[in-house]
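Peer 1: A single structure is presented below for examination.
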Amino acid sequence: MKSFELVMPKTLDEAIAALPESGQPTERVRVLAGGQDLLGEMKESLVTPERVVNLKTVPGIEGHEPTAEGGLRIGALTRLIDLERDEGLQGSHPMLVEAAAAVATPQIRSMGTLGGNLCQRPRCFYYRNPHSPCLKKGGTECFSYGGLNKYNAILGGGPSYIVHPSDVAPALVSYDAVFTLLGPAGEREVPADSFFTLPSSGEVTRENVLAANEIVTAVTLPAGREAWKATYLKVRERDSFDFALSAVALALKMNGDLIEQARLTLGGVAPKPWRCTSTEELLVGRKIDEETCRLAGEDALRMAEPLEQNGYKVPMTQGLIRRALQALAS
Amino acid sequence: MADAPKEPEKRAPLPDNVSRRVFLKGAGGLAAGGALGSQAVASQKASAEAPAKTRTVSGRIEIPLSINGEKRKVSVEPRTTLLSLLRVHLQPPLTGTKLVCDRGACGACTVHLDGEPAYSCSLLAIDCVGREITTVEGLGAPDALSPVQQAFCEKDALMCGFCTPGFVMSVSACLEKNPAADDDEVRAACSGNLCRCGTYPPIFAAAQAAGRKLQGGR
């Protein structure tokens, strides 16, 4: 790891003051939370920051508290293992707990944070290989297109075909969560679904709208989600620990046997958590039966454009959608 | 000296659009930070009302650590990982914690940080100030093995042995929380540890044997 200076602020304002003046992307400064992704990137020299701003020295940005509107505000430095073990959350927001528990290993969850999980970089091995000058690293080509693409995107790809690696992100999109971003001009609130960007619509070397002089400080879940049924399902190639080949975050507001409202977000299949808005609309007013499962799977993957080696993700994801619906029916 | 805190004003001029509140708070913090010495890293548990004091470390710094119940002072850089500190910088070193992948993927470097298993390769040593670090040497000694270490010997739960300290740490953390952990719970607790020799069955048998012993059985 290249040498760097470590800034240990005591307040968020001091942390912001240590970030670059401009919000433009820069390699000079990185924000450190749990470090489970950043330190690996620095060891591979994928980033070689001169300055690292350590958020672990800032008190008061972990844990959660109810909001005045009846929602739940969770500090960005909350560890994944604390979400996983939180009995209150297990009852009120099981999809978030399941997603946190699906992340990596006990050792990583004991250090890894909510905010860090949302801001982690892609796992595509062309990106992670320091010797491959891929599009994500400012190169001119996405080597997975026409190369090895078993783990890459089937939806929303191009010009980069990475998949977003977070488990927690799809669950937060399906909970209609809002992220709080703090920058030099103060706070701004960004809906989870708008936080993440596609390579075709955002900066191709980034996965979200966070500026270089901003920090994700909190995630707020809206009121009323306790009454929804929700689940996060994930398929891994290696079951002990791995990133998702495909994942489904499904939340349903039921009225008796009928679906009144739905949120469906896919993980592991697109460069961002992939919200299936038309499928959500299709589900409204339906019972959870065989036909609903089939129609939902068909609709959610209607736009899929698999590469040479990842066509398996289409039926796999349809199967997961079916399983998620069936799990919430009982 | 080289590792004295720098004046943050020189490194990070505040942008024009910064609010007065942020500026004043930030400026006060920077002044306080500049007045601080570079000896000990301040407690991370400081209350939000305490005077703000950003510290910046570049170059070497001596940090106090608590390793296996002993207070140690070690000279590190910001980039020094806990694993590197244990095996290289600490004198005498503690080499029971193994360096294998150095990427948080294999589990050989597992230690306990305040009782929780963590990858020492993926932690900055500076971040461990004020926390209790336990390595495999802290669980027991060759003439006084911990129940888990003893069970690994009795069940022959190793071949090459390189992954063993990491597995011992993961199993110990699991049984510490729940000595009655069943096989599924132990396997989940060991999901972040790899054994390339494939000695998993005796490892899980050792965990069950140690669990029985910890519950007072044989």
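Going by the structure tokens order, chains are called A, B, ..., each with residues numbered from 1, while ligands are numbered from 1 in the order shown.
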I'd like the neighbourhood of Phe4 (chain A) as a PyMOL selection string, where a residue qualifies if any of its atoms comes within 8 Å (using only C-alpha atoms), though same-chain residues fewer than 5 positions away should be ignored.
Peer 2: (chain A and resi 49-52) or (chain B and resi 58+78-79)
Peer 1: Need to verify the contact set: Pro165 (chain B), 8 Å, only C-alpha atoms, exclusion of same-chain residues closer than 2 positions in sequence. Can you return it as a compact mmCIF listing (two decimals) with N, CA, C and O atoms, in the first residue's frame?
Peer 2:
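Resulting contents of result-v2.txt:
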# COMPACT_ATOMS: atom_id res chain seq x y z
N GLY B 96 1.53 -15.99 15.15
CA GLY B 96 0.45 -16.98 15.07
C GLY B 96 -0.59 -16.56 14.05
O GLY B 96 -1.16 -17.39 13.35
N THR B 97 -0.85 -15.27 13.95
CA THR B 97 -1.79 -14.74 12.96
C THR B 97 -1.11 -14.78 11.60
O THR B 97 -0.02 -14.26 11.44
N LYS B 98 -1.75 -15.44 10.64
CA LYS B 98 -1.07 -15.74 9.37
C LYS B 98 -1.42 -14.75 8.26
O LYS B 98 -2.55 -14.31 8.14
N ALA B 108 -7.17 -16.43 7.22
CA ALA B 108 -6.01 -16.89 7.98
C ALA B 108 -5.53 -15.82 8.98
O ALA B 108 -4.86 -16.14 9.95
N CYS B 109 -5.87 -14.57 8.74
CA CYS B 109 -5.40 -13.47 9.59
C CYS B 109 -6.43 -13.08 10.64
O CYS B 109 -6.29 -12.03 11.27
N THR B 110 -7.45 -13.92 10.85
CA THR B 110 -8.54 -13.55 11.76
C THR B 110 -8.03 -13.34 13.19
O THR B 110 -7.32 -14.19 13.74
N VAL B 136 -4.37 -15.51 18.32
CA VAL B 136 -4.43 -16.92 18.71
C VAL B 136 -3.52 -17.19 19.92
O VAL B 136 -3.80 -18.07 20.74
N GLY B 161 -1.94 -26.75 8.33
CA GLY B 161 -2.00 -25.95 9.54
C GLY B 161 -1.99 -24.44 9.34
O GLY B 161 -2.10 -23.69 10.30
N PHE B 162 -1.86 -24.00 8.10
CA PHE B 162 -1.72 -22.56 7.90
C PHE B 162 -3.01 -21.81 8.17
O PHE B 162 -2.99 -20.68 8.64
N CYS B 163 -4.14 -22.43 7.90
CA CYS B 163 -5.43 -21.77 8.13
C CYS B 163 -5.87 -21.90 9.58
O CYS B 163 -6.82 -21.25 10.00
N PHE B 167 -9.15 -20.36 11.84
CA PHE B 167 -10.31 -21.18 12.22
C PHE B 167 -10.49 -21.21 13.73
O PHE B 167 -11.62 -21.14 14.23
N VAL B 168 -9.39 -21.32 14.45
CA VAL B 168 -9.48 -21.34 15.92
C VAL B 168 -10.12 -20.04 16.42
O VAL B 168 -10.97 -20.05 17.32
N MET B 169 -9.74 -18.91 15.81
CA MET B 169 -10.31 -17.63 16.23
C MET B 169 -11.80 -17.56 15.91
O MET B 169 -12.60 -17.10 16.72
Peer 1: Please compute the CA of Asn68 (chain B)-CA of His112 (chain B) distance, one decimal, in Å.
Peer 2: 9.7 Å
Peer 1: Find the residues near Pro117 (chain B): any atom within 9 Å, counting only C-alpha atoms, skip ones fewer than 2 places away on the same chain, and give them as a ChimeraX atom specification.
Peer 2: /A:106-108,110 /B:110-115,119,169-170,173-174
Peer 1: Taking into account only C-alpha atoms, which residue in the set B:Leu145, B:Leu124, B:Ala118, B:Leu86 is nearest to Leu6 (chain A)?
Peer 2: B:Leu124
Peer 1: Please identify all residues of chain A having at least one atom at most 8 Å from any atom of chain B, considering only C-alpha atoms, and return them as a PyMOL selection string.
Peer 2: chain A and resi 1-11+13-14+17-22+35-36+39-40+56-60+104-108+110-111+184-186+240-241
Peer 1: Extract the full set of strand (DSSP E) residues from region 50-205 of chain A according to DSSP on the backbone, and format it as a list of chain:residue names.
Peer 2: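 Secondary structure check on region 50-205 of chain A, strand (DSSP E): A:Arg51, A:Val52, A:Val53, A:Asn54, A:His64, A:Glu65, A:Pro66, A:Leu72, A:Arg73, A:Ile74, A:Gly75, A:Val178, A:Phe179, A:Thr180, A:Leu181, A:Leu182, A:Gly183, A:Gly186, A:Glu187, A:Arg188, A:Glu189, A:Val190, A:Pro191.
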Peer 1: Just C-alpha atoms for this one: save the residues we selected as a PDB file, in the first residue's frame.
Peer 2:
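Generated output (result_17.pdb):
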ATOM      1  CA  ARG A  51      -5.087  11.608   1.929  1.00  0.00           C
ATOM      2  CA  VAL A  52      -7.569   9.279   3.608  1.00  0.00           C
ATOM      3  CA  VAL A  53     -10.308  10.771   5.767  1.00  0.00           C
ATOM      4  CA  ASN A  54     -11.250   8.336   8.522  1.00  0.00           C
ATOM      5  CA  HIS A  64     -30.528   4.295  14.454  1.00  0.00           C
ATOM      6  CA  GLU A  65     -33.333   6.471  15.746  1.00  0.00           C
ATOM      7  CA  PRO A  66     -36.965   7.063  14.822  1.00  0.00           C
ATOM      8  CA  LEU A  72     -36.166   5.232  10.854  1.00  0.00           C
ATOM      9  CA  ARG A  73     -32.854   7.060  10.377  1.00  0.00           C
ATOM     10  CA  ILE A  74     -29.787   4.809  10.350  1.00  0.00           C
ATOM     11  CA  GLY A  75     -26.291   6.259  10.660  1.00  0.00           C
ATOM     12  CA  VAL A 178     -33.579   8.219   1.262  1.00  0.00           C
ATOM     13  CA  PHE A 179     -29.831   8.834   1.631  1.00  0.00           C
ATOM     14  CA  THR A 180     -28.486  11.913   3.393  1.00  0.00           C
ATOM     15  CA  LEU A 181     -25.406  13.352   1.703  1.00  0.00           C
ATOM     16  CA  LEU A 182     -23.369  16.004   3.491  1.00  0.00           C
ATOM     17  CA  GLY A 183     -21.153  18.405   1.560  1.00  0.00           C
ATOM     18  CA  GLY A 186     -24.838  21.385   3.764  1.00  0.00           C
ATOM     19  CA  GLU A 187     -27.044  18.316   3.517  1.00  0.00           C
ATOM     20  CA  ARG A 188     -29.036  17.030   0.566  1.00  0.00           C
ATOM     21  CA  GLU A 189     -31.488  14.167   0.494  1.00  0.00           C
ATOM     22  CA  VAL A 190     -31.335  11.720  -2.408  1.00  0.00           C
ATOM     23  CA  PRO A 191     -33.784   8.840  -2.899  1.00  0.00           C
TER      24      PRO A 191
END
